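Student: Would you mind keeping the following structure in view while I ask a few things?
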Amino acid sequence: MFARRRNSRFLSTGFTLIELLVVIAIIAVLIALLLPAVQQAREAARRTQCRNNMKQLGLAIHNYLDTHGTFPIGARCGIFPRNDPVAWGPHGPNWRVSILPHLDAAATYNVFNFGRSFLSDFNATGTGRGGYSGENAILRGKVVSNAFNCPSSPNSETNNSPPPTMNNFLLGQTADYVGIMGADRDPAGRANAYSNSNYGGRYTNTGILLVQTVTRIRDVLDGTSSTIIVSEQSGMVFNRDIRANYYGAWSGWTQNFGVPWTGGPDTWHCALTSVKYRPNQNYTSAAAIPGDANNPWLPNTIINSFHVGGLHILLADGSVQFLSDNINLATLDRLCVKDDRLPTGNF
């Protein structure tokens, strides 16, 4: 009798299978509710870090401006002695190289050989494109400055193991922030604002970071607080498969040697974009992507990011703003052009 009472009391204080399942279901619901909040908090932190990265770039650009009296040149033509079997020089340095001394990377900057390529495009045998090996080897496999990489992007900070289709391109740091050299649609309607490319699209000379051209504060007629100098370009242009910015952080990749920005059809650039398409514009098929927007060396690669709803931009006054995907394209064009003398309004 006593034993039966103990068993009865034990059974009455235990969990039934149904009660256990209810508890598990409640825990599952709580986890489902908490996970999005945790993910949002993490993305908010990454977005803040991305903003801080662009602030660092803005400070470095202004330190360069204070030192040299000009903004950095967007992309430089390299030295190309065609009879020199060592030098491979069309791949001159871009604006990111110029500001490295102001990003605590002076030690790396001081050992650069500016008569050699900044592409460092080596294959497994250690030979560069065309059999040349005149690279700045210190850039290979190295992240020089984390300020050039957006933490929200799942892409690697280096492309030291490129897929076969990349065909021996730069083995080193990538970059998620691109210089703006204008807008494909010039708000002022100037016919001399463009240079066509055989590879699709058009280069412009209406922004601040230009090819082989120096820009001064006095040239920014629309005001530094109304002109974009750098934008995010850390995302994809097709189903998260085609990356917007992959071929490396340092080369201007300029194939028109010693010629000004209007150097014409044989010019490529990894570090600059003339804005033509809506931010974060994504295509449903690779075939639908315009020919001037589907590779990082083309002039109208889409500015984009993995942030929800938009991307960060750096204005020429050093401030950072979040640009909505839904921005009016006419307003975006005016923001990308330094001297159209037209008001930008709210953005």
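By order in the structure tokens, chains are A, B, ...; within a chain, residues start at 1; ligands start at 1, following the order shown.
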Env of region 111-114 of chain A: 8 Å cut, atoms = only C-alpha atoms, seq-sep filter 6 positions within chain, self excluded. Answer as a CSV table (one decimal) with C-alpha atoms, in the first residue's frame.
Tutor:
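Everything below was put into selection-v3.csv:
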chain,number,residue,atom,x,y,z
A,92,GLY,CA,49.6,51.2,-62.8
A,93,PRO,CA,48.5,52.0,-59.3
A,136,ASN,CA,55.1,44.1,-56.8
A,138,ILE,CA,54.7,42.1,-51.7
Student: I'd like the contact shell of region 270-283 of chain A - 8 Å cut-off, only C-alpha atoms, skipping same-chain residues fewer than 4 positions apart - returned as a ChimeraX atom specification.
Tutor: /A:74-75,94-95,178-185,202-204,209-210,235-239,245,247-253,288-289,296-305,310-311,324-327,329,333,336
Student: As a PyMOL selection string, please: the residues near Thr158 (chain A) (cut-off 7 Å, only C-alpha atoms, same-chain neighbours under 3 positions excluded).
Tutor: chain A and resi 141+143+172-174
Student: Can I get the selected residues back with C-alpha atoms, as an mmCIF file, in the first residue's frame?
Tutor:
data_model
loop_
_atom_site.group_PDB
_atom_site.id
_atom_site.type_symbol
_atom_site.label_atom_id
_atom_site.label_comp_id
_atom_site.auth_asym_id
_atom_site.auth_seq_id
_atom_site.Cartn_x
_atom_site.Cartn_y
_atom_site.Cartn_z
ATOM 1 C CA GLY A 141 48.407 36.848 -50.956
ATOM 2 C CA VAL A 143 45.632 41.816 -46.964
ATOM 3 C CA GLY A 172 45.936 39.093 -53.368
ATOM 4 C CA GLN A 173 43.544 41.434 -51.611
ATOM 5 C CA THR A 174 40.223 42.355 -53.135
#
Student: Work out how far CA of Leu35 (chain A) is from CA of Leu21 (chain A), in Å to one decimal.
Tutor: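 Distance between the two atoms: 21.0 Å.
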Student: So that each row is one residue of region 172-240 of chain A with an atom at most 10 Å from region 43-65 of chain A, can you give its shortest atom pair and the distance in Å to one decimal, using only C-alpha atoms, rows by chain and rising number, as a tab-separated table?
Tutor:
residue	atom	partner	partner_atom	distance
A:Asp176	CA	A:Cys50	CA	9.8
A:Tyr177	CA	A:Met54	CA	8.1
A:Thr215	CA	A:Leu65	CA	9.9
A:Arg216	CA	A:Leu65	CA	8.3
A:Ile217	CA	A:Leu65	CA	8.7
A:Ile229	CA	A:Gly58	CA	8.9
A:Val230	CA	A:Met54	CA	8.2
A:Ser231	CA	A:Met54	CA	8.6
A:Glu232	CA	A:Met54	CA	8.7
Student: For a quick check of understanding, using only C-alpha atoms, which of A:Asp186, A:Ala191, A:Leu323, A:Gln212 has the smallest distance to Arg341 (chain A)?
Tutor: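 Once distances to Arg341 (chain A) are computed over only C-alpha atoms, the minimum belongs to A:Asp186.
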